[in-house]
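Novice: So I've got this file, entry-v2.cif, and it contains mmCIF, C-alpha atoms:
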data_target
loop_
_atom_site.label_atom_id
_atom_site.label_comp_id
_atom_site.auth_asym_id
_atom_site.auth_seq_id
_atom_site.Cartn_x
_atom_site.Cartn_y
_atom_site.Cartn_z
CA MET S 1 167.90 -36.44 77.31
CA ALA S 2 170.97 -35.70 79.38
CA ALA S 3 171.17 -32.02 80.29
CA GLY S 4 174.27 -30.22 79.12
CA PHE S 5 175.14 -32.52 76.27
CA GLU S 6 172.43 -32.13 73.70
CA VAL S 7 171.70 -28.48 74.43
CA ASP S 8 171.40 -26.45 71.25
CA CYS S 9 173.82 -23.70 72.28
CA GLU S 10 173.20 -21.77 69.08
CA ALA S 11 169.50 -21.65 69.93
CA LEU S 12 170.33 -20.07 73.29
CA VAL S 13 172.52 -17.47 71.59
CA ARG S 14 169.80 -16.79 69.00
CA ALA S 15 167.29 -16.32 71.82
CA ALA S 16 169.66 -13.84 73.47
CA HIS S 17 169.92 -11.87 70.20
CA GLU S 18 166.13 -11.93 69.92
CA LEU S 19 165.79 -10.56 73.46
CA ARG S 20 168.27 -7.78 72.76
CA SER S 21 166.46 -6.88 69.56
CA MET S 22 163.14 -6.88 71.44
CA ARG S 23 164.72 -4.66 74.08
CA THR S 24 165.73 -2.09 71.44
CA ASP S 25 162.27 -2.15 69.84
CA LEU S 26 160.57 -1.54 73.19
CA LEU S 27 162.89 1.36 74.01
CA ASP S 28 162.17 2.84 70.56
CA ALA S 29 158.42 2.52 71.19
CA VAL S 30 158.58 4.78 74.26
CA ALA S 31 161.12 7.19 72.77
CA PRO S 32 158.76 9.68 71.05
CA PRO S 33 158.08 12.62 73.36
CA CYS S 34 154.61 13.29 74.71
CA GLU S 35 153.14 16.33 72.95
CA LEU S 36 150.38 17.00 75.43
CA TRP S 37 150.95 19.57 78.19
CA PRO S 38 148.83 20.94 81.03
CA GLY S 39 147.14 24.07 79.77
CA GLN S 40 146.57 22.59 76.34
CA PHE S 41 143.21 21.26 77.51
CA ASP S 42 141.04 22.16 80.45
CA ASP S 43 140.56 18.45 81.05
CA LEU S 44 143.38 18.42 83.56
CA GLU S 45 142.59 14.87 84.74
CA LEU S 46 143.18 13.47 81.26
CA VAL S 47 146.31 15.52 80.62
CA THR S 48 147.68 14.50 84.02
CA ALA S 49 146.93 10.83 83.30
CA ILE S 50 148.69 11.03 79.93
CA ARG S 51 151.72 12.81 81.40
CA TYR S 52 151.82 10.19 84.17
CA PHE S 53 151.63 7.43 81.56
CA ASP S 54 154.45 9.06 79.63
CA ASP S 55 156.76 9.10 82.67
CA SER S 56 155.83 5.74 84.13
CA SER S 57 155.81 3.82 80.82
CA ARG S 58 159.27 5.15 80.00
CA GLN S 59 160.55 4.08 83.43
CA ALA S 60 158.83 0.68 83.22
CA VAL S 61 160.24 -0.06 79.78
CA HIS S 62 163.76 0.89 80.88
CA VAL S 63 163.46 -1.50 83.84
CA LEU S 64 162.19 -4.22 81.49
CA ALA S 65 165.06 -3.47 79.11
CA ASP S 66 167.45 -4.20 82.00
CA ASP S 67 165.54 -7.44 82.69
CA ALA S 68 165.80 -8.49 79.05
CA ALA S 69 169.52 -7.71 79.03
CA ALA S 70 170.03 -9.81 82.18
CA VAL S 71 168.14 -12.76 80.69
CA ALA S 72 170.10 -12.44 77.44
CA ASP S 73 173.39 -12.35 79.35
CA GLY S 74 172.29 -15.46 81.26
CA LEU S 75 171.45 -17.32 78.06
CA VAL S 76 174.80 -16.46 76.46
CA GLY S 77 176.64 -17.35 79.69
CA ASN S 78 174.93 -20.71 79.86
CA ALA S 79 175.56 -21.39 76.17
CA THR S 80 179.26 -20.67 76.72
CA ARG S 81 179.35 -22.94 79.77
CA TYR S 82 177.64 -25.77 77.90
CA ARG S 83 180.02 -25.42 74.96
CA GLU S 84 182.99 -25.64 77.33
CA ALA S 85 181.47 -28.70 78.98
CA GLN S 86 180.83 -30.36 75.64
CA GLN S 87 184.42 -29.67 74.54
CA HIS S 88 185.70 -31.05 77.87
CA VAL S 89 183.66 -34.22 77.51
CA THR S 90 184.77 -34.68 73.91
CA ALA S 91 188.41 -34.30 74.94
CA THR S 92 187.95 -36.64 77.91
CA LEU S 93 186.34 -39.28 75.77
CA ALA S 94 189.10 -38.96 73.17
CA GLY S 95 191.71 -39.38 75.93
CA LEU S 96 189.98 -42.43 77.35
CA ALA S 97 189.77 -44.02 73.92
CA ASP S 98 193.55 -43.67 73.34
CA MET E 1 133.35 30.13 77.02
CA ASP E 2 135.69 27.83 75.15
CA ARG E 3 136.82 25.22 77.68
CA TYR E 4 138.71 23.01 75.25
CA PRO E 5 141.71 23.30 73.02
CA VAL E 6 143.23 26.60 74.05
CA ALA E 7 146.83 26.23 72.90
CA GLY E 8 149.05 24.23 70.64
CA GLY E 9 148.46 23.01 67.16
CA GLY E 10 148.09 19.72 65.36
CA ASP E 11 146.32 16.87 67.03
CA PRO E 12 147.99 16.10 70.37
CA VAL E 13 145.37 13.54 71.43
CA GLY E 14 145.77 11.84 68.05
CA ALA E 15 149.53 11.77 68.64
CA GLU E 16 148.93 10.09 72.03
CA ILE E 17 146.66 7.53 70.39
CA GLU E 18 149.47 6.77 67.95
CA ARG E 19 152.03 6.43 70.77
CA LEU E 20 149.78 4.08 72.75
CA THR E 21 148.98 2.06 69.63
CA SER E 22 152.65 1.73 68.78
CA LEU E 23 153.48 0.55 72.29
CA ARG E 24 150.58 -1.92 72.22
CA ASP E 25 151.83 -3.31 68.90
CA GLN E 26 155.35 -3.59 70.29
CA LEU E 27 154.15 -5.39 73.43
CA LEU E 28 152.17 -7.86 71.32
CA ASP E 29 155.08 -8.40 68.97
CA SER E 30 157.47 -8.99 71.89
CA ALA E 31 155.04 -11.41 73.55
CA ASN E 32 154.67 -13.35 70.30
CA ARG E 33 158.45 -13.49 69.81
CA LEU E 34 158.94 -14.72 73.38
CA ASN E 35 156.19 -17.27 72.88
CA ALA E 36 157.97 -18.66 69.82
CA MET E 37 161.34 -19.13 71.59
CA ARG E 38 162.37 -22.75 72.01
CA HIS E 39 165.43 -24.08 73.82
CA ASP E 40 165.70 -27.62 72.52
CA GLY E 41 167.61 -30.03 74.73
CA TRP E 42 168.07 -27.54 77.55
CA SER E 43 166.82 -28.79 80.90
CA GLY E 44 167.65 -28.35 84.55
CA ALA E 45 167.46 -25.51 87.05
CA ALA E 46 168.79 -22.76 84.76
CA SER E 47 166.40 -23.80 82.01
CA ASP E 48 163.46 -23.91 84.43
CA ALA E 49 164.31 -20.44 85.75
CA SER E 50 164.65 -19.06 82.22
CA GLU E 51 161.34 -20.60 81.15
CA ALA E 52 159.60 -19.19 84.23
CA VAL E 53 160.81 -15.67 83.37
CA ARG E 54 159.93 -16.09 79.68
CA TYR E 55 156.42 -17.30 80.53
CA ALA E 56 155.86 -14.49 83.05
CA ILE E 57 157.04 -11.74 80.68
CA CYS E 58 154.92 -13.20 77.90
CA ARG E 59 151.77 -13.34 80.04
CA GLU E 60 152.27 -9.82 81.42
CA PHE E 61 153.02 -8.37 77.97
CA TYR E 62 149.75 -9.78 76.62
CA ARG E 63 147.92 -8.32 79.63
CA ALA E 64 149.62 -4.91 79.24
CA ALA E 65 148.85 -4.94 75.50
CA ASP E 66 145.16 -5.51 76.31
CA GLN E 67 145.18 -2.54 78.70
CA HIS E 68 146.84 -0.38 76.04
CA GLU E 69 144.16 -1.48 73.58
CA ASP E 70 141.45 -0.34 76.03
CA ALA E 71 143.25 2.96 76.62
CA VAL E 72 143.50 3.57 72.86
CA ARG E 73 139.78 2.85 72.45
CA HIS E 74 138.78 5.25 75.25
CA LEU E 75 141.15 7.95 74.02
CA ALA E 76 139.85 7.63 70.46
CA GLU E 77 136.30 7.83 71.78
CA TYR E 78 137.25 10.97 73.74
CA ASN E 79 138.74 12.53 70.62
CA ALA E 80 135.61 11.79 68.60
CA VAL E 81 133.33 13.17 71.33
CA ARG E 82 135.52 16.28 71.64
CA GLN E 83 135.30 17.04 67.94
CA ARG E 84 131.54 16.48 67.95
CA VAL E 85 131.01 18.65 71.03
CA LEU E 86 133.13 21.48 69.64
CA SER E 87 131.24 21.35 66.38
CA LEU E 88 127.80 21.30 68.03
CA THR E 89 128.55 24.03 70.55
CA ASN E 90 129.90 26.30 67.80
CA GLU E 91 126.77 25.61 65.81
CA ILE E 92 124.51 26.42 68.77
CA ARG E 93 126.37 29.64 69.56
CA GLY E 94 126.17 30.62 65.90
CA GLU E 95 122.40 30.46 66.10
CA TRP E 96 122.28 32.90 69.05
CA PRO E 97 125.08 35.44 68.56
CA GLY E 98 123.53 37.75 71.15
CA GLY E 99 123.58 35.19 73.96
CA LEU E 100 122.20 31.73 74.61
CA PRO E 101 118.67 31.21 75.90
CA ALA E 102 118.40 29.01 78.98
CA ASP E 103 117.47 25.80 77.16
CA ALA E 104 120.32 26.19 74.64
CA ALA E 105 122.78 26.98 77.44
CA GLY E 106 121.54 23.87 79.24
CA HIS E 107 122.15 21.81 76.14
CA VAL E 108 125.67 23.22 75.76
CA ASN E 109 126.42 22.35 79.39
CA TRP E 110 125.08 18.85 78.83
CA LEU E 111 127.45 18.49 75.86
CA TRP E 112 130.42 19.61 77.99
CA ASP E 113 129.41 17.07 80.63
CA GLN E 114 129.45 14.33 77.99
CA LEU E 115 132.95 15.38 77.03
CA ALA E 116 134.06 15.46 80.67
CA ALA E 117 132.71 11.92 81.16
CA ALA E 118 134.58 10.71 78.07
CA GLY E 119 137.70 12.41 79.43
CA ARG E 120 137.35 10.58 82.77
CA ARG E 121 136.97 7.23 81.00
CA ALA E 122 140.03 7.97 78.87
CA ALA E 123 142.06 9.03 81.92
CA THR E 124 141.10 5.81 83.74
CA GLY E 125 142.11 3.74 80.70
CA VAL E 126 145.45 5.50 80.34
CA ARG E 127 146.23 5.08 84.06
CA ALA E 128 145.34 1.36 83.82
CA ALA E 129 147.72 0.94 80.87
CA ALA E 130 150.50 2.63 82.84
CA ALA E 131 149.83 0.38 85.85
CA ALA E 132 149.84 -2.77 83.70
CA LEU E 133 153.19 -1.86 82.19
CA GLY E 134 154.65 -1.14 85.62
CA ASP E 135 153.31 -4.47 86.89
CA VAL E 136 155.24 -6.50 84.30
CA HIS E 137 158.52 -6.22 86.20
CA ARG E 138 156.83 -6.71 89.59
CA GLN E 139 155.31 -10.00 88.42
CA LEU E 140 158.62 -11.47 87.26
CA PRO E 141 160.52 -14.07 89.24
CA GLU E 142 164.05 -13.17 90.27
CA ILE E 143 166.32 -12.85 87.23
CA ARG E 144 169.90 -14.04 87.59
CA SER E 145 172.27 -13.82 84.67
CA THR E 146 174.92 -16.02 86.33
CA PRO E 147 175.32 -19.18 84.25
CA VAL E 148 175.27 -22.66 85.76
CA THR E 149 178.44 -23.26 87.76
CA ALA E 150 179.05 -26.86 86.77
CA VAL E 151 177.81 -29.15 84.09
CA ARG E 152 177.74 -32.68 85.37
CA THR E 153 175.36 -34.93 83.57
CA ALA E 154 174.27 -38.46 84.20
CA ARG E 155 175.73 -39.43 80.86
CA TYR E 156 179.10 -37.82 81.67
CA ARG E 157 179.29 -39.58 85.07
CA SER E 158 178.24 -42.87 83.52
CA LEU E 159 180.88 -42.60 80.81
CA ARG E 160 183.63 -41.80 83.32
CA ARG E 161 182.55 -44.69 85.58
CA ASN E 162 182.57 -47.14 82.72
CA TRP E 163 185.87 -46.04 81.22
CA THR E 164 187.98 -45.63 84.35
#
Render the structure in this file as structure tokens.

Specialist:
Amino acid sequence: MAAGFEVDCEALVRAAHELRSMRTDLLDAVAPPCELWPGQFDDLELVTAIRYFDDSSRQAVHVLADDAAAVADGLVGNATRYREAQQHVTATLAGLAD
Amino acid sequence: MDRYPVAGGGDPVGAEIERLTSLRDQLLDSANRLNAMRHDGWSGAASDASEAVRYAICREFYRAADQHEDAVRHLAEYNAVRQRVLSLTNEIRGEWPGGLPADAAGHVNWLWDQLAAAGRRAATGVRAAAAALGDVHRQLPEIRSTPVTAVRTARYRSLRRNWT
């Protein structure tokens, strides 16, 4: 199959939407605040681990959200480029046929 | 001496279990959605790069979800042990309101040690989940959102050659 001609551009755009939706869902999953604070339990190691998880998971998911947005942008950009190429080829072929 | 819950209300450990469970579910759901993505007819360098990123995110999300599952299990175990220990120590103290004899005090200390061990396991599990989530980005290939600069296909070149 020749690259660039038979690409399902709509599928690329749908994948980008899916990635953006996934991005929102992940951000929502880390949004609830941690309710555990040092002093609430004497098990400081566990409280510290949970507070660390709260901070680091939030940061990690925000970085991944940026990754997902970049991939989605790339998919949409490529879909646009392929559509332009397909239109160009169609017009070229029509001109050659005249 | 009461060494455990000293402040706050509700069930903060239970709330953490819910948060971890929700994130695990979301990671699994995202991995499954990524796994189901298909880009029919798309090939070439941009497609290969996109597939490499998709595969890597998918693999790391499944791994991170597993670590969250372990953390949830250890945290739930800690919560169960905590409730049991609190109940038993209250019961023991109720039997000796004037002060614990040595063997009863030894038993109470043993119970606290069991709780501390469960707490260490839970802390290790939670830290592992945090590390796994942080590793997802580190394991990804470089992501570039710049689209392909030119689309020149064999078919296009062939058509132009034959028609001109």

Novice: Just to confirm, what's the straight-line distance from CA of Gly39 in chain S to CA of Arg51 in chain S in Å (one decimal)?

Specialist: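 Going from CA of Gly39 in chain S over to CA of Arg51 in chain S covers 12.3 Å.
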
Novice: Determine the residue set returned by the PyMOL selection byres ((chain S) within 7 of (chain E)) for the present structure, and present it as a ChimeraX atom specification.

Specialist: /S:1-4,6-8,11-12,15,22,26,29-30,35-36,40-43,45-46,49-50,53,56-57,60,64,70-71,73-74,77-78,85,96

Novice: State, in Å with one decimal place, the distance from CA of Val72 in chain E to CA of Ile17 in chain E.

Specialist: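 Calculated distance between CA of Val72 in chain E and CA of Ile17 in chain E is 5.6 Å.
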
Novice: Rounded to one decimal in Å, what is the spacing between CA of Asp70 in chain E and CA of Leu19 in chain S?

Specialist: 26.5 Å

Novice: Evaluate the PyMOL selection byres ((chain E and resi 88-91) around 12) here and jot the selected residues down as a PDB file with C-alpha atoms, keeping the file's coordinate frame.

Specialist:
ATOM      1  CA  MET E   1     133.350  30.130  77.020  1.00  0.00           C
ATOM      2  CA  ASP E   2     135.690  27.830  75.150  1.00  0.00           C
ATOM      3  CA  ARG E   3     136.820  25.220  77.680  1.00  0.00           C
ATOM      4  CA  TYR E   4     138.710  23.010  75.250  1.00  0.00           C
ATOM      5  CA  VAL E  81     133.330  13.170  71.330  1.00  0.00           C
ATOM      6  CA  ARG E  82     135.520  16.280  71.640  1.00  0.00           C
ATOM      7  CA  GLN E  83     135.300  17.040  67.940  1.00  0.00           C
ATOM      8  CA  ARG E  84     131.540  16.480  67.950  1.00  0.00           C
ATOM      9  CA  VAL E  85     131.010  18.650  71.030  1.00  0.00           C
ATOM     10  CA  LEU E  86     133.130  21.480  69.640  1.00  0.00           C
ATOM     11  CA  SER E  87     131.240  21.350  66.380  1.00  0.00           C
ATOM     12  CA  ILE E  92     124.510  26.420  68.770  1.00  0.00           C
ATOM     13  CA  ARG E  93     126.370  29.640  69.560  1.00  0.00           C
ATOM     14  CA  GLY E  94     126.170  30.620  65.900  1.00  0.00           C
ATOM     15  CA  GLU E  95     122.400  30.460  66.100  1.00  0.00           C
ATOM     16  CA  TRP E  96     122.280  32.900  69.050  1.00  0.00           C
ATOM     17  CA  PRO E  97     125.080  35.440  68.560  1.00  0.00           C
ATOM     18  CA  LEU E 100     122.200  31.730  74.610  1.00  0.00           C
ATOM     19  CA  ALA E 104     120.320  26.190  74.640  1.00  0.00           C
ATOM     20  CA  ALA E 105     122.780  26.980  77.440  1.00  0.00           C
ATOM     21  CA  GLY E 106     121.540  23.870  79.240  1.00  0.00           C
ATOM     22  CA  HIS E 107     122.150  21.810  76.140  1.00  0.00           C
ATOM     23  CA  VAL E 108     125.670  23.220  75.760  1.00  0.00           C
ATOM     24  CA  ASN E 109     126.420  22.350  79.390  1.00  0.00           C
ATOM     25  CA  TRP E 110     125.080  18.850  78.830  1.00  0.00           C
ATOM     26  CA  LEU E 111     127.450  18.490  75.860  1.00  0.00           C
ATOM     27  CA  TRP E 112     130.420  19.610  77.990  1.00  0.00           C
ATOM     28  CA  LEU E 115     132.950  15.380  77.030  1.00  0.00           C
TER      29      LEU E 115
END

Novice: Tell me which of E:Asp103, E:Ala76, E:Pro141, E:Glu69 sits closest to Ala52 in chain E, counting all atoms listed in the file.

Specialist: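 Ranked by minimum distance to Ala52 in chain E, first place goes to E:Pro141.
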